[in-house]
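Chemist: What follows is the file coords.cif, containing mmCIF, C-alpha atoms and all ligand atoms:
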```cif
data_model
loop_
_atom_site.label_atom_id
_atom_site.label_comp_id
_atom_site.auth_asym_id
_atom_site.auth_seq_id
_atom_site.Cartn_x
_atom_site.Cartn_y
_atom_site.Cartn_z
CA MET A 1 16.89 44.07 -9.06
CA ASN A 2 19.88 42.31 -7.52
CA ASP A 3 23.46 42.08 -8.78
CA ILE A 4 22.84 38.87 -10.72
CA THR A 5 20.19 40.37 -12.97
CA LYS A 6 21.53 43.95 -13.15
CA ASN A 7 21.74 45.31 -16.71
CA GLN A 8 20.59 42.01 -18.19
CA ARG A 9 17.58 41.11 -20.27
CA TRP A 10 16.27 37.58 -20.22
CA ASP A 11 13.15 35.55 -20.97
CA HIS A 12 11.52 34.97 -17.62
CA LEU A 13 10.72 31.29 -16.98
CA ASP A 14 7.82 30.06 -14.87
CA ARG A 15 8.56 27.19 -12.54
CA PRO A 16 6.96 24.04 -14.04
CA SER A 17 4.06 22.85 -11.94
CA VAL A 18 1.45 20.13 -12.19
CA GLU A 19 -1.90 21.05 -10.66
CA ALA A 20 -2.86 17.47 -9.76
CA LEU A 21 0.37 17.00 -7.81
CA ASP A 22 0.25 20.43 -6.17
CA ALA A 23 -3.21 19.49 -4.87
CA ILE A 24 -1.87 16.49 -2.92
CA LEU A 25 1.45 17.93 -1.66
CA GLY A 26 1.89 16.92 1.97
CA ALA A 27 -1.22 14.71 2.12
CA PRO A 28 -0.40 11.23 3.47
CA THR A 29 -1.76 8.17 1.69
CA HIS A 30 -1.99 5.42 4.27
CA VAL A 31 -0.19 2.16 3.55
CA LEU A 32 -0.30 -1.05 5.63
CA ASP A 33 -1.42 -0.55 9.25
CA HIS A 34 0.69 2.45 10.33
CA GLY A 35 2.62 3.49 7.21
CA PHE A 36 2.15 6.28 4.72
CA VAL A 37 3.58 7.96 1.65
CA ARG A 38 3.29 11.67 1.02
CA VAL A 39 4.73 13.89 -1.65
CA ILE A 40 6.92 16.61 -0.16
CA ASP A 41 8.16 18.22 -3.36
CA TYR A 42 8.78 17.58 -7.04
CA MET A 43 10.68 19.07 -9.93
CA GLY A 44 9.67 19.04 -13.57
CA ASP A 45 6.75 17.99 -15.70
CA GLU A 46 6.34 16.32 -19.08
CA ALA A 47 7.44 19.51 -20.81
CA ALA A 48 10.77 19.27 -18.94
CA ILE A 49 11.36 15.80 -20.38
CA VAL A 50 10.48 16.92 -23.88
CA GLN A 51 12.56 20.08 -23.55
CA ALA A 52 15.62 18.07 -22.50
CA ALA A 53 15.16 15.64 -25.37
CA ARG A 54 14.77 18.47 -27.89
CA VAL A 55 17.94 20.11 -26.65
CA SER A 56 19.78 16.93 -27.52
CA TYR A 57 18.07 16.71 -30.91
CA GLY A 58 18.50 20.45 -31.55
CA ALA A 59 14.81 20.96 -32.35
CA GLY A 60 12.43 23.65 -31.06
CA THR A 61 9.12 23.45 -29.20
CA LYS A 62 6.39 21.41 -30.90
CA THR A 63 2.72 20.61 -30.27
CA LYS A 64 1.26 18.62 -27.36
CA SER A 65 0.62 15.57 -29.52
CA ASP A 66 4.22 15.71 -30.78
CA ASP A 67 5.28 15.84 -27.14
CA ARG A 68 3.32 12.68 -26.40
CA GLY A 69 4.85 10.97 -29.43
CA LEU A 70 8.33 12.04 -28.39
CA ILE A 71 7.83 10.73 -24.83
CA ARG A 72 6.70 7.39 -26.29
CA TYR A 73 9.67 7.33 -28.65
CA LEU A 74 12.10 8.00 -25.78
CA MET A 75 10.55 5.26 -23.65
CA ARG A 76 10.47 2.79 -26.55
CA HIS A 77 14.13 3.34 -27.38
CA HIS A 78 15.42 3.56 -23.79
CA HIS A 79 16.59 7.15 -24.23
CA THR A 80 16.53 7.53 -20.50
CA THR A 81 18.35 10.73 -19.56
CA PRO A 82 15.46 13.11 -20.40
CA PHE A 83 13.43 11.25 -17.74
CA GLU A 84 16.10 12.14 -15.20
CA MET A 85 15.04 15.80 -15.55
CA CYS A 86 12.07 15.11 -13.26
CA GLU A 87 12.53 14.41 -9.58
CA ILE A 88 10.26 13.69 -6.66
CA LYS A 89 10.77 13.84 -2.88
CA LEU A 90 8.62 11.61 -0.70
CA HIS A 91 8.15 11.21 3.02
CA MET A 92 7.57 7.53 3.76
CA LYS A 93 6.80 5.57 6.89
CA LEU A 94 7.41 1.87 6.40
CA PRO A 95 8.31 -1.29 8.33
CA ILE A 96 12.07 -1.88 8.56
CA PHE A 97 11.87 -5.11 6.53
CA VAL A 98 10.23 -3.17 3.67
CA ALA A 99 12.76 -0.36 4.04
CA ARG A 100 15.57 -2.91 3.66
CA GLN A 101 14.22 -3.96 0.27
CA TRP A 102 13.52 -0.37 -0.75
CA ILE A 103 17.02 0.88 0.12
CA ARG A 104 18.51 -1.62 -2.37
CA HIS A 105 17.51 0.90 -5.01
CA ARG A 106 20.76 2.81 -4.69
CA THR A 107 20.11 5.65 -7.07
CA ALA A 108 18.07 7.74 -4.62
CA SER A 109 18.91 10.22 -1.84
CA VAL A 110 17.75 9.19 1.62
CA ASN A 111 17.56 10.69 5.09
CA GLU A 112 16.22 8.22 7.63
CA HIS A 113 14.87 8.80 11.11
CA SER A 114 17.76 8.14 13.49
CA ALA A 115 17.14 5.47 16.12
CA ARG A 116 20.49 6.51 17.64
CA TYR A 117 19.18 10.01 18.24
CA SER A 118 15.45 9.46 18.83
CA ILE A 119 13.29 6.88 20.55
CA LEU A 120 11.29 4.78 18.09
CA ALA A 121 7.51 4.81 18.36
CA ASN A 122 5.63 1.78 19.65
CA GLU A 123 4.34 0.90 16.18
CA PHE A 124 4.76 -2.45 14.49
CA PHE A 125 3.39 -3.90 11.30
CA VAL A 126 1.01 -6.68 12.28
CA PRO A 127 -0.59 -8.22 9.21
CA ASP A 128 -4.29 -8.77 9.08
CA PRO A 129 -4.93 -12.48 9.83
CA MET A 130 -6.18 -13.04 6.29
CA GLU A 131 -2.86 -11.76 4.89
CA LEU A 132 -0.89 -14.47 6.66
CA GLN A 133 -0.15 -17.26 4.21
CA ARG A 134 1.89 -20.43 3.99
CA GLN A 135 5.38 -20.70 2.48
CA SER A 136 5.04 -21.38 -1.24
CA LEU A 137 6.33 -24.79 -2.30
CA THR A 138 7.18 -23.62 -5.82
CA ASN A 139 8.64 -20.16 -5.13
CA LYS A 140 11.16 -19.93 -2.30
CA GLN A 141 10.65 -16.15 -2.18
CA GLY A 142 6.85 -16.35 -2.08
CA ARG A 143 3.71 -17.23 -0.18
CA ASP A 144 0.86 -19.47 -1.22
CA GLY A 145 -2.08 -21.04 0.58
CA MET A 146 -4.22 -19.98 3.49
CA PHE A 147 -4.28 -21.15 7.10
CA SER A 148 -7.53 -21.81 8.88
CA GLU A 149 -9.13 -18.67 10.31
CA GLU A 150 -8.37 -19.86 13.83
CA VAL A 151 -4.68 -20.41 13.07
CA SER A 152 -4.18 -17.09 11.25
CA SER A 153 -5.88 -15.19 14.08
CA ALA A 154 -3.63 -16.90 16.62
CA MET A 155 -0.54 -16.14 14.50
CA SER A 156 -1.48 -12.49 14.10
CA GLU A 157 -2.11 -12.20 17.86
CA THR A 158 1.27 -13.85 18.58
CA ILE A 159 3.05 -11.35 16.32
CA ARG A 160 1.27 -8.50 18.12
CA HIS A 161 2.22 -9.92 21.51
CA HIS A 162 5.85 -10.47 20.48
CA SER A 163 6.10 -6.91 19.12
CA ALA A 164 4.65 -5.47 22.34
CA GLY A 165 7.07 -7.55 24.43
CA SER A 166 10.02 -6.34 22.36
CA TYR A 167 8.95 -2.75 22.82
CA GLN A 168 8.62 -3.26 26.55
CA LEU A 169 12.16 -4.60 26.66
CA TYR A 170 13.36 -1.67 24.51
CA GLU A 171 11.81 0.80 26.92
CA GLU A 172 13.27 -0.98 29.93
CA LEU A 173 16.72 -0.86 28.40
CA LEU A 174 16.29 2.82 27.58
CA HIS A 175 15.05 3.86 30.97
CA GLY A 176 17.30 1.72 33.10
CA TRP A 177 16.26 -1.38 35.00
CA PRO A 178 15.45 -0.84 38.67
CA TRP A 179 16.05 -4.49 39.62
CA PHE A 180 19.09 -6.73 39.60
CA ASN A 181 19.77 -10.34 40.57
CA GLU A 182 21.44 -12.03 43.53
CA ASP A 183 24.89 -11.54 42.01
CA GLY A 184 24.21 -7.83 41.79
CA ASP A 185 25.43 -7.52 38.22
CA ARG A 186 22.43 -8.14 35.99
CA TYR A 187 19.40 -5.91 35.77
CA VAL A 188 16.13 -7.72 35.20
CA ILE A 189 12.39 -7.07 35.42
CA PRO A 190 10.43 -9.82 37.22
CA ASP A 191 7.30 -9.87 35.08
CA ASN A 192 8.99 -9.52 31.72
CA PRO A 193 8.58 -12.75 29.67
CA PHE A 194 12.08 -12.28 28.24
CA VAL A 195 13.99 -12.54 31.52
CA PRO A 196 14.21 -15.05 34.40
CA ASP A 197 11.95 -14.46 37.36
CA ARG A 198 14.41 -15.42 40.17
CA VAL A 199 15.13 -11.82 41.03
CA GLU A 200 15.01 -9.63 44.05
CA GLN A 201 14.53 -5.91 44.17
CA ARG A 202 17.51 -4.03 45.57
CA GLU A 203 17.73 -0.35 44.86
CA PRO A 204 16.07 1.91 42.30
CA HIS A 205 18.16 2.69 39.28
CA GLU A 206 19.33 6.25 38.89
CA ALA A 207 17.32 8.16 36.33
CA GLY A 208 19.02 8.94 33.05
CA HIS A 209 21.35 5.95 33.11
CA GLY A 210 19.48 3.76 30.68
CA MET A 211 21.12 2.02 27.76
CA ALA A 212 22.12 4.17 24.78
CA ARG A 213 19.38 4.38 22.13
CA GLU A 214 21.80 3.15 19.48
CA LEU A 215 22.17 -0.10 21.46
CA ALA A 216 18.69 -0.59 22.91
CA ARG A 217 17.11 -0.59 19.42
CA MET A 218 18.76 -3.93 18.63
CA VAL A 219 15.98 -5.79 20.45
CA LEU A 220 13.27 -4.47 18.14
CA PRO A 221 12.06 -6.74 15.36
CA VAL A 222 12.06 -5.76 11.68
CA ASN A 223 8.32 -5.12 11.66
CA ALA A 224 9.01 -1.89 13.62
CA TYR A 225 8.34 1.21 11.57
CA THR A 226 10.93 3.66 10.34
CA GLU A 227 10.54 6.91 8.40
CA TRP A 228 12.57 8.65 5.76
CA TYR A 229 12.68 11.37 3.17
CA TRP A 230 13.45 9.74 -0.14
CA LYS A 231 14.29 11.66 -3.33
CA VAL A 232 14.76 10.07 -6.73
CA ASP A 233 14.71 11.01 -10.39
CA LEU A 234 11.97 9.71 -12.64
CA HIS A 235 14.15 7.30 -14.61
CA ASN A 236 15.24 5.47 -11.47
CA LEU A 237 11.78 5.70 -9.95
CA LEU A 238 10.28 3.94 -12.97
CA HIS A 239 12.97 1.27 -12.68
CA LEU A 240 11.94 0.71 -9.05
CA LEU A 241 8.24 0.65 -9.92
CA ARG A 242 8.83 -1.87 -12.71
CA LEU A 243 10.42 -4.22 -10.16
CA ARG A 244 8.30 -3.48 -7.12
CA CYS A 245 4.80 -3.18 -8.64
CA ASP A 246 5.44 -6.54 -10.24
CA SER A 247 3.69 -9.69 -9.02
CA HIS A 248 7.08 -11.15 -8.00
CA ALA A 249 7.66 -8.37 -5.46
CA GLN A 250 6.63 -8.90 -1.85
CA THR A 251 3.05 -7.79 -1.14
CA GLU A 252 4.12 -5.27 1.54
CA ILE A 253 6.62 -3.42 -0.67
CA ARG A 254 4.13 -3.53 -3.55
CA ALA A 255 1.64 -1.68 -1.34
CA TYR A 256 4.06 1.28 -1.28
CA ALA A 257 5.06 1.02 -4.93
CA ASP A 258 1.39 0.93 -6.00
CA VAL A 259 0.67 4.19 -4.16
CA ILE A 260 3.65 5.88 -5.80
CA ALA A 261 2.57 4.53 -9.19
CA LEU A 262 -0.73 6.40 -8.75
CA VAL A 263 1.20 9.56 -7.93
CA VAL A 264 3.26 9.22 -11.13
CA GLN A 265 0.08 8.70 -13.16
CA GLU A 266 -1.26 12.02 -11.83
CA TRP A 267 2.04 13.80 -12.29
CA LEU A 268 3.05 12.56 -15.75
CA PRO A 269 0.14 10.74 -17.46
CA ASN A 270 1.79 10.36 -20.89
CA VAL A 271 4.97 9.00 -19.32
CA TRP A 272 2.92 6.49 -17.38
CA ASP A 273 1.04 5.37 -20.51
CA ALA A 274 4.34 4.93 -22.37
CA PHE A 275 5.86 3.11 -19.40
CA GLU A 276 2.99 0.61 -19.36
CA GLU A 277 2.99 0.24 -23.13
CA TYR A 278 6.72 -0.35 -23.56
CA GLN A 279 7.77 -1.74 -20.20
CA THR A 280 5.32 -3.15 -17.67
CA LYS A 281 2.80 -4.54 -20.16
CA ALA A 282 5.35 -5.37 -22.86
CA LEU A 283 6.93 -8.79 -23.39
CA THR A 284 10.50 -9.51 -24.32
CA PHE A 285 11.62 -12.63 -26.13
CA SER A 286 14.90 -14.46 -25.96
CA ALA A 287 16.70 -14.91 -29.30
CA SER A 288 15.41 -18.49 -29.58
CA GLU A 289 11.86 -17.52 -28.68
CA ALA A 290 11.93 -14.68 -31.20
CA GLU A 291 13.08 -17.10 -33.90
CA ILE A 292 10.06 -19.36 -33.25
CA VAL A 293 7.65 -16.41 -33.31
CA LYS A 294 9.13 -15.22 -36.62
CA LEU A 295 8.83 -18.68 -38.18
CA VAL A 296 5.17 -18.94 -37.16
CA LEU A 297 4.34 -15.48 -38.48
CA ALA A 298 6.19 -16.04 -41.76
CA ARG A 299 3.57 -18.67 -42.64
CA ASN A 300 0.92 -16.02 -43.20
CA PRO A 301 2.48 -12.59 -43.79
CA GLY A 302 -0.71 -11.17 -45.34
CA ALA A 303 -2.73 -11.77 -42.16
CA VAL A 304 0.10 -10.36 -40.05
CA ARG A 305 0.22 -7.18 -42.15
CA LYS A 306 -3.55 -6.71 -41.81
CA MET A 307 -3.47 -7.20 -38.05
CA VAL A 308 -0.61 -4.77 -37.62
CA HIS A 309 -2.33 -2.13 -39.76
CA ASP A 310 -5.64 -2.59 -37.93
CA ASN A 311 -4.04 -2.23 -34.51
CA GLY A 312 -3.64 1.55 -34.44
CA LEU A 313 0.13 1.63 -34.10
CA SER A 314 1.84 4.81 -35.26
CA ALA A 315 3.73 4.68 -38.58
CA GLY A 316 7.05 4.55 -36.70
CA GLU A 317 5.88 1.77 -34.38
CA ARG A 318 4.54 -0.20 -37.36
CA ARG A 319 7.85 0.11 -39.17
CA GLU A 320 9.80 -1.04 -36.13
CA PHE A 321 7.37 -3.91 -35.49
CA PHE A 322 7.64 -5.24 -39.05
CA THR A 323 11.42 -5.15 -38.74
CA LYS A 324 11.23 -7.10 -35.47
CA LEU A 325 8.87 -9.66 -36.97
CA GLY A 326 10.95 -10.05 -40.10
CA VAL A 327 7.82 -9.35 -42.19
CA ARG A 328 7.77 -6.78 -45.03
CA ASP A 329 5.11 -4.06 -44.74
CA ALA A 330 3.96 -4.66 -48.33
CA ASP A 331 4.67 -7.27 -50.98
C1 LIG B 401 11.60 -9.71 -6.73
C2 LIG B 401 12.95 -9.31 -6.22
C3 LIG B 401 13.70 -10.19 -5.47
C4 LIG B 401 14.97 -9.83 -4.99
N1 LIG B 401 15.68 -10.72 -4.24
C5 LIG B 401 16.90 -10.35 -3.75
C6 LIG B 401 17.68 -11.25 -2.95
O1 LIG B 401 17.29 -12.37 -2.70
N2 LIG B 401 18.88 -10.83 -2.47
C7 LIG B 401 19.37 -9.59 -2.75
O2 LIG B 401 20.45 -9.27 -2.29
N3 LIG B 401 18.66 -8.73 -3.50
C8 LIG B 401 17.44 -9.06 -4.00
N4 LIG B 401 16.73 -8.17 -4.74
C9 LIG B 401 17.28 -6.84 -4.98
C10 LIG B 401 17.87 -6.70 -6.39
O3 LIG B 401 18.95 -7.60 -6.59
C11 LIG B 401 18.36 -5.26 -6.62
O4 LIG B 401 19.38 -4.96 -5.69
C12 LIG B 401 17.25 -4.24 -6.45
O5 LIG B 401 16.11 -4.62 -7.18
C13 LIG B 401 17.74 -2.88 -6.93
O6 LIG B 401 17.90 -2.94 -8.31
P1 LIG B 401 19.00 -2.09 -9.06
O7 LIG B 401 20.36 -2.40 -8.54
O8 LIG B 401 18.77 -2.30 -10.53
O9 LIG B 401 18.51 -0.61 -8.67
P2 LIG B 401 19.35 0.69 -8.31
O10 LIG B 401 20.28 0.44 -7.18
O11 LIG B 401 18.33 1.79 -8.14
O12 LIG B 401 20.17 0.99 -9.55
C14 LIG B 401 19.54 1.35 -10.77
C15 LIG B 401 20.48 1.05 -11.89
O13 LIG B 401 21.63 1.89 -11.72
C16 LIG B 401 22.80 1.17 -12.07
N5 LIG B 401 23.67 1.08 -10.90
C17 LIG B 401 23.40 1.51 -9.65
N6 LIG B 401 24.45 1.34 -8.86
C18 LIG B 401 25.42 0.74 -9.61
C19 LIG B 401 26.72 0.28 -9.36
N7 LIG B 401 27.31 0.41 -8.18
N8 LIG B 401 27.39 -0.28 -10.35
C20 LIG B 401 26.84 -0.42 -11.56
N9 LIG B 401 25.60 0.00 -11.88
C21 LIG B 401 24.90 0.57 -10.91
C22 LIG B 401 22.34 -0.19 -12.56
O14 LIG B 401 22.12 -0.13 -13.94
C23 LIG B 401 21.02 -0.37 -11.89
O15 LIG B 401 20.13 -1.26 -12.55
C24 LIG B 401 15.47 -8.54 -5.26
C25 LIG B 401 14.72 -7.65 -6.03
C26 LIG B 401 13.47 -8.00 -6.50
C27 LIG B 401 12.66 -7.03 -7.29
#
```
Please lay out the structure from this file as structure tokens.

Modeler:
Amino acid sequence: MNDITKNQRWDHLDRPSVEALDAILGAPTHVLDHGFVRVIDYMGDEAAIVQAARVSYGAGTKTKSDDRGLIRYLMRHHHTTPFEMCEIKLHMKLPIFVARQWIRHRTASVNEHSARYSILANEFFVPDPMELQRQSLTNKQGRDGMFSEEVSSAMSETIRHHSAGSYQLYEELLHGWPWFNEDGDRYVIPDNPFVPDRVEQREPHEAGHGMARELARMVLPVNAYTEWYWKVDLHNLLHLLRLRCDSHAQTEIRAYADVIALVVQEWLPNVWDAFEEYQTKALTFSASEAEIVKLVLARNPGAVRKMVHDNGLSAGERREFFTKLGVRDAD
């Protein structure tokens, strides 16, 4: 017994754990051509959310079905802080252009692989030819319409070639260029497509005098891969998933969000159900739209009441729904 616990009595607590998540800790799920997501660690389970909520309501432990109901109530009413009691830490490998979108979600803790300190790997996201689409004419942030097979294959090959050329240049900058031109002040490599070929070899460059990594990286395109450890609480993770699993999000970031959505489903199934019910699959109406819906429904309140009662909503949900619709539960 150490000094902290000496002469004290306390109720020992077990660390909350979720078997389904423990089973996949550390296992990478592959995303895109070279990326992955893997769970490094997590904190909390559904009981932790319920426990936090009950502390605020001053109530004791209840049954499992009450827990599910409480989680749904919290989600429905945007009582978000209990969801912050759960956290997850992921190791992700993702193209830099996806990372740039991901990092906009500011409420996470991030440690990224340092391209100042380390040399980046020769790995670039090159989409499958069939993934290459035309610019959408209706959505400036979207894609729509296929190219011919021949064109998409040529485009994909060009991207691959460009990425390889960039990496070659990166390596040459890092390792020092053993050639320089007639003026003697510009190092160039004769067979590199990025530099002029009117060069003559003079003297080998001294080893170890390549360009600093922090500078050389600037020639790499944004389809190069980066890696990071990313930790976030559940409330902010759900916010990200709502935006990035959505059809408006870019396909490549969705690929990552969809994998993490599966992880959350395994970790916290009742939270996920509630999230779908009240957020991702729910609709919101503007004030004007809601007015129209109410006017239409007011024409036949009896049928509305029957439909609501037949739908399997809980008593609380029914009550709230009738209030929203402006329809009385009974005449
Ligand atoms: C489909 C799509 C298209 C997009 N297009 C663009 C674009 O063209 N250009 C562009 O720049 N971005 C774009 N974004 C990014 C977007 O504007 C948000 O930056 C991103 O989705 C992160 O959302 P967030 O700020 O709510 O999340 P987080 O940063 O995770 O924040 C979560 C919540 O915390 C609160 N919060 C966090 N930080 C602050 C703060 N400093 N002050 C006040 N409240 C805070 C807010 O309530 C916020 O909603 C796009 C996003 C999507 C999904």

Chemist: Report, in Å to a single decimal, how far apart atom CA of A:Val39 and atom CA of A:Arg213 are.

Modeler: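 Rounded to one decimal, the two atoms are 29.5 Å apart.
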
Chemist: What residues of the protein or nucleic acid chains come within 9 Å of ligand LIG 401 (chain B) when you use all atoms listed in the file? Reply as a list in words.

Modeler: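 Answer in the requested format: Gln101, Trp102, Ile103, Arg104, His105, Arg106, Thr107, Ala108, Gln141, His235, Asn236, Leu237, His239, Leu240, Arg242, Leu243, Arg244, Cys245, Asp246, Ser247, His248, Ala249 and Gln250 of chain A.
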
Chemist: Do you know which residues are at most 7 Å from stretch 18-34 of chain A counting only C-alpha atoms, after dropping those on the same chain fewer than 6 positions away, and could you put them as a VMD selection string?

Modeler: chain A and resid 40 to 41 45 125 255 to 256 266 to 267

Chemist: Out of A:Met146, A:Leu268, A:Val126, A:Ala216, which residue has the shortest atom-to-atom distance to A:Thr158 when counting all atoms listed in the file?

Modeler: A:Val126

Chemist: Smallest atom-to-atom distance to A:Ile119: which of A:Cys86, A:Ala212, A:Ile253, A:Ala52, using all atoms listed in the file?

Modeler: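 Going through A:Cys86, A:Ala212, A:Ile253, A:Ala52 one by one, the smallest distance to A:Ile119 is for A:Ala212.
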
Chemist: Please return, as a ChimeraX atom specification, all polymer residues that have at least one atom within 12 Å of the point (3.9, -6.3, -46.5); use all atoms listed in the file and the file's own coordinate frame.

Modeler: /A:298,300-309,318-319,321-323,325-331

Chemist: Mind pulling up the distance from atom CA of A:Phe36 to atom CA of A:Leu132?

Modeler: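 Computing the Euclidean distance for atom CA of A:Leu132 and atom CA of A:Phe36 yields 21.1 Å.
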
Chemist: Separation of atom CA of A:Gly44 and atom CA of A:Ser17, in Å?

Modeler: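 Computing the Euclidean distance for atom CA of A:Gly44 and atom CA of A:Ser17 yields 7.0 Å.
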
Chemist: List as a PyMOL selection string the protein and nucleic acid residues near A:Ile159, meaning an atom at most 12 Å away when all atoms listed in the file are counted, but skip any in the same chain fewer than 2 places from it.

Modeler: chain A and resi 124-129+132+152-157+161-166+221-224

Chemist: Taking the partial coordinates given, rebuild stretch 105-116 of chain A to contain N, CA, C and O atoms; return it as a PDB file, in the coordinates of the input.

Modeler:
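Written output follows (part03.pdb):
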```pdb
ATOM      1  N   HIS A 105      17.540   0.038  -3.826  1.00  0.00           N
ATOM      2  CA  HIS A 105      17.510   0.900  -5.010  1.00  0.00           C
ATOM      3  C   HIS A 105      18.432   2.080  -4.704  1.00  0.00           C
ATOM      4  O   HIS A 105      18.033   3.044  -4.040  1.00  0.00           O
ATOM      5  N   ARG A 106      19.674   1.943  -5.175  1.00  0.00           N
ATOM      6  CA  ARG A 106      20.760   2.810  -4.690  1.00  0.00           C
ATOM      7  C   ARG A 106      20.752   4.202  -5.280  1.00  0.00           C
ATOM      8  O   ARG A 106      21.437   5.089  -4.795  1.00  0.00           O
ATOM      9  N   THR A 107      20.001   4.386  -6.337  1.00  0.00           N
ATOM     10  CA  THR A 107      20.110   5.650  -7.070  1.00  0.00           C
ATOM     11  C   THR A 107      19.115   6.690  -6.539  1.00  0.00           C
ATOM     12  O   THR A 107      18.483   7.400  -7.313  1.00  0.00           O
ATOM     13  N   ALA A 108      18.959   6.753  -5.236  1.00  0.00           N
ATOM     14  CA  ALA A 108      18.070   7.740  -4.620  1.00  0.00           C
ATOM     15  C   ALA A 108      18.842   8.427  -3.481  1.00  0.00           C
ATOM     16  O   ALA A 108      19.885   7.938  -3.056  1.00  0.00           O
ATOM     17  N   SER A 109      18.306   9.542  -2.997  1.00  0.00           N
ATOM     18  CA  SER A 109      18.910  10.220  -1.840  1.00  0.00           C
ATOM     19  C   SER A 109      17.985  10.003  -0.646  1.00  0.00           C
ATOM     20  O   SER A 109      16.774  10.195  -0.761  1.00  0.00           O
ATOM     21  N   VAL A 110      18.576   9.604   0.474  1.00  0.00           N
ATOM     22  CA  VAL A 110      17.750   9.190   1.620  1.00  0.00           C
ATOM     23  C   VAL A 110      18.230   9.868   2.902  1.00  0.00           C
ATOM     24  O   VAL A 110      19.438   9.944   3.151  1.00  0.00           O
ATOM     25  N   ASN A 111      17.277  10.308   3.705  1.00  0.00           N
ATOM     26  CA  ASN A 111      17.560  10.690   5.090  1.00  0.00           C
ATOM     27  C   ASN A 111      16.584   9.963   5.985  1.00  0.00           C
ATOM     28  O   ASN A 111      15.378  10.207   5.894  1.00  0.00           O
ATOM     29  N   GLU A 112      17.109   9.048   6.821  1.00  0.00           N
ATOM     30  CA  GLU A 112      16.220   8.220   7.630  1.00  0.00           C
ATOM     31  C   GLU A 112      16.191   8.728   9.066  1.00  0.00           C
ATOM     32  O   GLU A 112      17.193   9.241   9.585  1.00  0.00           O
ATOM     33  N   HIS A 113      15.044   8.536   9.685  1.00  0.00           N
ATOM     34  CA  HIS A 113      14.870   8.800  11.110  1.00  0.00           C
ATOM     35  C   HIS A 113      15.978   8.071  11.874  1.00  0.00           C
ATOM     36  O   HIS A 113      16.219   6.898  11.621  1.00  0.00           O
ATOM     37  N   SER A 114      16.640   8.755  12.788  1.00  0.00           N
ATOM     38  CA  SER A 114      17.760   8.140  13.490  1.00  0.00           C
ATOM     39  C   SER A 114      17.319   7.503  14.803  1.00  0.00           C
ATOM     40  O   SER A 114      16.883   8.201  15.722  1.00  0.00           O
ATOM     41  N   ALA A 115      17.469   6.165  14.868  1.00  0.00           N
ATOM     42  CA  ALA A 115      17.140   5.470  16.120  1.00  0.00           C
ATOM     43  C   ALA A 115      18.315   5.539  17.094  1.00  0.00           C
ATOM     44  O   ALA A 115      18.261   4.977  18.183  1.00  0.00           O
ATOM     45  N   ARG A 116      19.416   6.198  16.701  1.00  0.00           N
ATOM     46  CA  ARG A 116      20.490   6.510  17.640  1.00  0.00           C
ATOM     47  C   ARG A 116      20.121   7.766  18.407  1.00  0.00           C
ATOM     48  O   ARG A 116      20.418   7.919  19.571  1.00  0.00           O
TER      49      ARG A 116
END
```
